[in-house]
Amino acid sequence: MNGDLSQLLPLLGYMAFMIGVSIFIRYQQQHSGLMNNFVRTYFIGNRDLGGFVLAMTTVATYSSVSSFVGGPGVAWNIGFGWVYMAVVQVTAVFLVLGIFGKRVALLARKFDAVTVIDIIRRRYNSDWLAELSAYIIVLFFCATMVAQFVGGAKLFEAVTGYSYVMGLVLFGLMVVVYTTIGGFRAVAVTDTCCALMMMFGIVLLFYYVLQFGGGYDTIIADIEARHPEMLEPLSGGKMPYGLYLTQWILVGICTIALPQSVVRGLAFKDNRSLVRAMLIGTFVVGFMNIGINLSGILGQGVLTGTLTDYGGADNIIPRIVVTAMPSTLASIAIIGPLAASISTISSLLLVGSSAIIKDVYLHRQEKKNRRPSDRKLRFLSMMATAVLGAVVFVIALTPPSLIWLINMFAFGGLETAFFWTLLLGLYWRKANKTGAMLSMGGGTLIYCVAQGIGFKIMGLHQITIGITVSLILFLLGTYLGKPEKQEVLADFFPEE
């Protein structure tokens, strides 16, 4: 290893701070008696998140490392059309809290639900559907976490000089440790710290990109002379209308049904907290995503070669950081995008382990009239988190390219599985188990096959196939299947 220790120390300090926060939160929980209900405390923080923390932990699920490394890298090559992708996510945060937030929170308190799958199981009265939901979550979460590990480790390698594998080891150990120690509340609080660091890192990067390139006007004039297509809405054909449409679906409206987003609705304290989170979260996501994508575009004033000169889009932001920023600040600035990686992985690990332990194992035990001790549940939760992290780590040892594509694949799979199941289940009385099973199973399978063989319709992303097929199957199943029991419907639609 030929790394620079001075570049590594700020990151190690931040990691130590994160672990310290999780230890402190665990200590507070134990001495306040909250750990008497391990499942509710560990997986949703005892439902008492305030507006600011709720906003920041919701933001963290959107601002993944693909947004901070892959997306800006593509923007560097494509131009201002990519800023649209950032604008799309601004509406997504508002919608996820506004459409599902209060509805899910009311139902969760009514049924004492701890996970999104608890809501699905209760609505459709189906253990098969609940377990299918759990397996789909784990499958696509692993793909998403691989993208986070790869992006974070590449950035770590570029800035510190230490190896890619060392970056993976540091991230893996740190995330698993603080997630298993502190649970949801530790993840939420550290997500808040991560979001603040992301904002600070973006400001630093933006400033030094402008300074290195001679100012905004100089950079834009240079882009206009060398790459005039980057200033056009369609980026000289690189941003067709179909891509605008499908990205609005993929990273916009359909993200309201992502399990890692919906679970935030289970954890807030009151209506005031929800409203504050909607306002704060919308602003912060807009600031971060527009800021980092714009920094990627203006990076043309820092790196003037071709994409192949720098080894692909995933290496653009690391090269801009190393080139434009003083070495003493580069190690601080990368904490922002690395924090995006860390916070996303921790959230996914927690929801993934809850799907395995709470939604599959614990439910099966309770059906047999068995109640595992909190000590056993704690041990199994830690093991599930560690095993998931280890699987993702092994896959990430051979890094795939274009991490933002991996992230979008996972987003599309989760949206295909959960969008209609949740939206229609919560707001349409006629939705039934048969429709939900066909939609989730059939739609997800068709989506994955279309992705695997590269099949597209009119050049549109495969999410359009997945989301359309899942809707058709849902309606077909609703028509052919039996209506849900009246006592179940009365719980979800009491006013009717």
# chains A, B, ... in the order shown; residues from 1 in each chain; ligands from 1
>>> residues_around(residues="A:Gly201", least_positions_apart="3", cutoff="8 Å", atoms="only C-alpha atoms", output="list in words")
Met197, Met198, Leu204, Leu205, Ile332, Ala333, Ile334, Ile335, Gly336 and Pro337 of chain A
>>> write_last_selection(atoms="all heavy atoms", output="PDB file, in the first residue's frame")
ATOM      1  N   MET A 197     -22.630  16.204   6.130  1.00  0.00           N
ATOM      2  CA  MET A 197     -21.307  16.089   5.528  1.00  0.00           C
ATOM      3  C   MET A 197     -21.398  16.109   4.005  1.00  0.00           C
ATOM      4  O   MET A 197     -20.531  16.653   3.326  1.00  0.00           O
ATOM      5  CB  MET A 197     -20.617  14.801   5.999  1.00  0.00           C
ATOM      6  CG  MET A 197     -20.163  14.831   7.447  1.00  0.00           C
ATOM      7  SD  MET A 197     -19.044  16.218   7.811  1.00  0.00           S
ATOM      8  CE  MET A 197     -17.712  15.911   6.670  1.00  0.00           C
ATOM      9  N   MET A 198     -22.455  15.511   3.450  1.00  0.00           N
ATOM     10  CA  MET A 198     -22.650  15.553   1.999  1.00  0.00           C
ATOM     11  C   MET A 198     -22.774  16.992   1.528  1.00  0.00           C
ATOM     12  O   MET A 198     -22.150  17.394   0.534  1.00  0.00           O
ATOM     13  CB  MET A 198     -23.917  14.783   1.610  1.00  0.00           C
ATOM     14  CG  MET A 198     -23.868  13.285   1.786  1.00  0.00           C
ATOM     15  SD  MET A 198     -25.471  12.558   1.324  1.00  0.00           S
ATOM     16  CE  MET A 198     -25.661  11.305   2.585  1.00  0.00           C
ATOM     17  N   LEU A 204     -17.668  22.436  -0.881  1.00  0.00           N
ATOM     18  CA  LEU A 204     -16.215  22.464  -1.091  1.00  0.00           C
ATOM     19  C   LEU A 204     -15.855  22.115  -2.533  1.00  0.00           C
ATOM     20  O   LEU A 204     -15.055  22.811  -3.171  1.00  0.00           O
ATOM     21  CB  LEU A 204     -15.537  21.469  -0.149  1.00  0.00           C
ATOM     22  CG  LEU A 204     -15.165  21.924   1.259  1.00  0.00           C
ATOM     23  CD1 LEU A 204     -14.475  20.788   1.997  1.00  0.00           C
ATOM     24  CD2 LEU A 204     -14.277  23.156   1.235  1.00  0.00           C
ATOM     25  N   LEU A 205     -16.425  21.026  -3.047  1.00  0.00           N
ATOM     26  CA  LEU A 205     -16.107  20.575  -4.402  1.00  0.00           C
ATOM     27  C   LEU A 205     -16.507  21.631  -5.424  1.00  0.00           C
ATOM     28  O   LEU A 205     -15.728  21.944  -6.341  1.00  0.00           O
ATOM     29  CB  LEU A 205     -16.818  19.253  -4.695  1.00  0.00           C
ATOM     30  CG  LEU A 205     -16.608  18.674  -6.096  1.00  0.00           C
ATOM     31  CD1 LEU A 205     -15.140  18.368  -6.337  1.00  0.00           C
ATOM     32  CD2 LEU A 205     -17.450  17.414  -6.288  1.00  0.00           C
ATOM     33  N   ILE A 332     -11.229  15.505   3.335  1.00  0.00           N
ATOM     34  CA  ILE A 332     -12.428  15.951   4.052  1.00  0.00           C
ATOM     35  C   ILE A 332     -13.622  15.974   3.106  1.00  0.00           C
ATOM     36  O   ILE A 332     -14.728  15.558   3.453  1.00  0.00           O
ATOM     37  CB  ILE A 332     -12.203  17.337   4.679  1.00  0.00           C
ATOM     38  CG1 ILE A 332     -11.074  17.253   5.716  1.00  0.00           C
ATOM     39  CG2 ILE A 332     -13.484  17.861   5.319  1.00  0.00           C
ATOM     40  CD1 ILE A 332     -10.688  18.595   6.301  1.00  0.00           C
ATOM     41  N   ALA A 333     -13.392  16.447   1.888  1.00  0.00           N
ATOM     42  CA  ALA A 333     -14.483  16.558   0.912  1.00  0.00           C
ATOM     43  C   ALA A 333     -15.064  15.201   0.552  1.00  0.00           C
ATOM     44  O   ALA A 333     -16.267  15.082   0.323  1.00  0.00           O
ATOM     45  CB  ALA A 333     -13.987  17.263  -0.342  1.00  0.00           C
ATOM     46  N   ILE A 334     -14.211  14.156   0.482  1.00  0.00           N
ATOM     47  CA  ILE A 334     -14.732  12.852   0.070  1.00  0.00           C
ATOM     48  C   ILE A 334     -15.581  12.215   1.160  1.00  0.00           C
ATOM     49  O   ILE A 334     -16.287  11.231   0.893  1.00  0.00           O
ATOM     50  CB  ILE A 334     -13.614  11.879  -0.335  1.00  0.00           C
ATOM     51  CG1 ILE A 334     -12.738  11.507   0.870  1.00  0.00           C
ATOM     52  CG2 ILE A 334     -12.809  12.412  -1.489  1.00  0.00           C
ATOM     53  CD1 ILE A 334     -11.884  10.293   0.631  1.00  0.00           C
ATOM     54  N   ILE A 335     -15.521  12.754   2.382  1.00  0.00           N
ATOM     55  CA  ILE A 335     -16.378  12.202   3.430  1.00  0.00           C
ATOM     56  C   ILE A 335     -17.843  12.334   3.027  1.00  0.00           C
ATOM     57  O   ILE A 335     -18.672  11.485   3.355  1.00  0.00           O
ATOM     58  CB  ILE A 335     -16.110  12.899   4.783  1.00  0.00           C
ATOM     59  CG1 ILE A 335     -14.710  12.530   5.283  1.00  0.00           C
ATOM     60  CG2 ILE A 335     -17.154  12.489   5.814  1.00  0.00           C
ATOM     61  CD1 ILE A 335     -14.324  13.216   6.579  1.00  0.00           C
ATOM     62  N   GLY A 336     -18.170  13.404   2.262  1.00  0.00           N
ATOM     63  CA  GLY A 336     -19.549  13.600   1.831  1.00  0.00           C
ATOM     64  C   GLY A 336     -20.073  12.448   0.998  1.00  0.00           C
ATOM     65  O   GLY A 336     -21.029  11.769   1.377  1.00  0.00           O
ATOM     66  N   PRO A 337     -19.466  12.173  -0.189  1.00  0.00           N
ATOM     67  CA  PRO A 337     -19.946  11.039  -0.988  1.00  0.00           C
ATOM     68  C   PRO A 337     -19.751   9.690  -0.307  1.00  0.00           C
ATOM     69  O   PRO A 337     -20.570   8.786  -0.485  1.00  0.00           O
ATOM     70  CB  PRO A 337     -19.131  11.136  -2.279  1.00  0.00           C
ATOM     71  CG  PRO A 337     -18.002  12.052  -1.986  1.00  0.00           C
ATOM     72  CD  PRO A 337     -18.463  12.980  -0.912  1.00  0.00           C
TER      73      PRO A 337
END
>>> residues_around(residues="stretch 130-138 of chain A", least_positions_apart="6", cutoff="10 Å", atoms="only C-alpha atoms", output="VMD selection string")
chain A and resid 116 to 122 124 144 258 to 260 348 to 349 351 to 361 363 388 410 413 to 414 417 to 418 437 440 to 441 444
>>> write_last_selection(atoms="N, CA and C atoms", output="mmCIF file, in the first residue's frame")
data_model
loop_
_atom_site.group_PDB
_atom_site.id
_atom_site.type_symbol
_atom_site.label_atom_id
_atom_site.label_comp_id
_atom_site.auth_asym_id
_atom_site.auth_seq_id
_atom_site.Cartn_x
_atom_site.Cartn_y
_atom_site.Cartn_z
ATOM 1 N N VAL A 116 -42.530 -2.630 6.554
ATOM 2 C CA VAL A 116 -43.450 -2.470 5.427
ATOM 3 C C VAL A 116 -44.150 -3.790 5.135
ATOM 4 N N ILE A 117 -43.436 -4.891 5.314
ATOM 5 C CA ILE A 117 -44.020 -6.199 5.036
ATOM 6 C C ILE A 117 -45.137 -6.522 6.021
ATOM 7 N N ASP A 118 -45.049 -6.017 7.251
ATOM 8 C CA ASP A 118 -46.169 -6.179 8.184
ATOM 9 C C ASP A 118 -47.449 -5.587 7.611
ATOM 10 N N ILE A 119 -47.334 -4.417 6.974
ATOM 11 C CA ILE A 119 -48.499 -3.767 6.364
ATOM 12 C C ILE A 119 -49.035 -4.616 5.205
ATOM 13 N N ILE A 120 -48.126 -5.120 4.372
ATOM 14 C CA ILE A 120 -48.533 -5.943 3.229
ATOM 15 C C ILE A 120 -49.210 -7.225 3.711
ATOM 16 N N ARG A 121 -48.635 -7.873 4.711
ATOM 17 C CA ARG A 121 -49.221 -9.116 5.223
ATOM 18 C C ARG A 121 -50.632 -8.863 5.762
ATOM 19 N N ARG A 122 -50.796 -7.783 6.495
ATOM 20 C CA ARG A 122 -52.102 -7.490 7.080
ATOM 21 C C ARG A 122 -53.132 -7.124 6.008
ATOM 22 N N TYR A 124 -53.230 -7.970 2.744
ATOM 23 C CA TYR A 124 -53.615 -9.043 1.831
ATOM 24 C C TYR A 124 -53.814 -10.391 2.531
ATOM 25 N N THR A 144 -28.099 -3.168 -4.826
ATOM 26 C CA THR A 144 -27.891 -1.754 -4.497
ATOM 27 C C THR A 144 -26.657 -1.560 -3.629
ATOM 28 N N LEU A 258 -40.449 2.518 -2.736
ATOM 29 C CA LEU A 258 -39.255 1.783 -2.317
ATOM 30 C C LEU A 258 -39.366 1.446 -0.830
ATOM 31 N N PRO A 259 -39.171 0.191 -0.441
ATOM 32 C CA PRO A 259 -39.323 -0.185 0.973
ATOM 33 C C PRO A 259 -38.443 0.626 1.910
ATOM 34 N N GLN A 260 -37.209 0.946 1.469
ATOM 35 C CA GLN A 260 -36.313 1.721 2.322
ATOM 36 C C GLN A 260 -36.799 3.146 2.520
ATOM 37 N N LEU A 348 -30.099 -0.033 4.112
ATOM 38 C CA LEU A 348 -30.476 -1.247 3.398
ATOM 39 C C LEU A 348 -30.192 -2.494 4.221
ATOM 40 N N LEU A 349 -29.075 -2.492 4.938
ATOM 41 C CA LEU A 349 -28.768 -3.632 5.796
ATOM 42 C C LEU A 349 -29.843 -3.822 6.860
ATOM 43 N N VAL A 351 -33.072 -2.773 6.842
ATOM 44 C CA VAL A 351 -34.342 -3.226 6.269
ATOM 45 C C VAL A 351 -34.204 -4.676 5.784
ATOM 46 N N GLY A 352 -33.045 -5.016 5.211
ATOM 47 C CA GLY A 352 -32.833 -6.384 4.755
ATOM 48 C C GLY A 352 -32.840 -7.385 5.902
ATOM 49 N N SER A 353 -32.141 -7.053 6.995
ATOM 50 C CA SER A 353 -32.122 -7.967 8.139
ATOM 51 C C SER A 353 -33.493 -8.065 8.792
ATOM 52 N N SER A 354 -34.259 -6.961 8.790
ATOM 53 C CA SER A 354 -35.610 -7.014 9.355
ATOM 54 C C SER A 354 -36.509 -7.908 8.501
ATOM 55 N N ALA A 355 -36.296 -7.901 7.173
ATOM 56 C CA ALA A 355 -37.086 -8.766 6.297
ATOM 57 C C ALA A 355 -36.821 -10.236 6.616
ATOM 58 N N ILE A 356 -35.561 -10.564 6.893
ATOM 59 C CA ILE A 356 -35.214 -11.953 7.181
ATOM 60 C C ILE A 356 -35.656 -12.367 8.578
ATOM 61 N N ILE A 357 -35.315 -11.564 9.583
ATOM 62 C CA ILE A 357 -35.551 -11.939 10.973
ATOM 63 C C ILE A 357 -36.979 -11.658 11.420
ATOM 64 N N LYS A 358 -37.436 -10.421 11.214
ATOM 65 C CA LYS A 358 -38.763 -10.050 11.697
ATOM 66 C C LYS A 358 -39.869 -10.648 10.827
ATOM 67 N N ASP A 359 -39.740 -10.509 9.498
ATOM 68 C CA ASP A 359 -40.852 -10.849 8.618
ATOM 69 C C ASP A 359 -40.921 -12.318 8.228
ATOM 70 N N VAL A 360 -39.812 -13.028 8.319
ATOM 71 C CA VAL A 360 -39.830 -14.457 7.983
ATOM 72 C C VAL A 360 -39.666 -15.303 9.236
ATOM 73 N N TYR A 361 -38.505 -15.197 9.895
ATOM 74 C CA TYR A 361 -38.219 -16.068 11.038
ATOM 75 C C TYR A 361 -39.182 -15.835 12.204
ATOM 76 N N HIS A 363 -42.071 -14.312 12.412
ATOM 77 C CA HIS A 363 -43.479 -14.600 12.121
ATOM 78 C C HIS A 363 -43.746 -16.102 12.120
ATOM 79 N N LEU A 388 -25.373 -10.583 5.312
ATOM 80 C CA LEU A 388 -25.696 -9.758 4.148
ATOM 81 C C LEU A 388 -24.503 -8.895 3.745
ATOM 82 N N ALA A 410 -31.629 -2.103 -9.595
ATOM 83 C CA ALA A 410 -32.238 -2.471 -8.315
ATOM 84 C C ALA A 410 -33.462 -1.611 -8.017
ATOM 85 N N GLY A 413 -36.362 -2.959 -10.067
ATOM 86 C CA GLY A 413 -36.900 -4.215 -9.558
ATOM 87 C C GLY A 413 -37.788 -4.011 -8.345
ATOM 88 N N LEU A 414 -37.329 -3.195 -7.412
ATOM 89 C CA LEU A 414 -38.120 -2.925 -6.205
ATOM 90 C C LEU A 414 -39.403 -2.170 -6.535
ATOM 91 N N ALA A 417 -41.961 -4.470 -8.076
ATOM 92 C CA ALA A 417 -42.550 -5.375 -7.092
ATOM 93 C C ALA A 417 -43.523 -4.670 -6.155
ATOM 94 N N PHE A 418 -43.201 -3.443 -5.741
ATOM 95 C CA PHE A 418 -43.940 -2.839 -4.631
ATOM 96 C C PHE A 418 -44.850 -1.670 -5.005
ATOM 97 N N MET A 437 -50.085 -10.948 -5.690
ATOM 98 C CA MET A 437 -49.125 -12.025 -5.959
ATOM 99 C C MET A 437 -48.705 -12.036 -7.421
ATOM 100 N N MET A 440 -46.567 -8.774 -8.138
ATOM 101 C CA MET A 440 -45.221 -8.780 -7.569
ATOM 102 C C MET A 440 -44.348 -9.855 -8.197
ATOM 103 N N GLY A 441 -44.845 -11.078 -8.252
ATOM 104 C CA GLY A 441 -44.044 -12.175 -8.790
ATOM 105 C C GLY A 441 -43.855 -12.089 -10.292
ATOM 106 N N THR A 444 -42.021 -8.673 -11.512
ATOM 107 C CA THR A 444 -40.584 -8.672 -11.206
ATOM 108 C C THR A 444 -39.831 -9.638 -12.109
#
>>> residues_around(residues="A:Leu489", least_positions_apart="2", cutoff="10 Å", atoms="only C-alpha atoms", output="count of residues only")
18
>>> atom_distance(atom1="atom CA of A:Gly237", atom2="atom CA of A:Phe411")
24.9 Å
>>> select_by_dssp(residues="stretch 422-460 of chain A", states="helix (DSSP H, G or I)", output="MDAnalysis selection string")
chainID A and resid 422:427 433:453
>>> closest_residue(among="A:Leu480, A:Ala339, A:Leu266, A:Cys254", to="A:Leu423", atoms="only C-alpha atoms")
A:Cys254
>>> closest_residue(among="A:Ile256, A:Val203, A:Ile453, A:Ile297", to="A:Ile317", atoms="only C-alpha atoms")
A:Ile297
>>> atom_distance(atom1="atom CA of A:Ala386", atom2="atom CA of A:Asn369")
27.9 Å
>>> atom_distance(atom1="atom CA of A:Leu475", atom2="atom CA of A:Gly265")
26.7 Å
>>> closest_residue(among="A:Val469, A:Met18, A:Ile406, A:Leu380", to="A:Ser346", atoms="only C-alpha atoms")
A:Met18
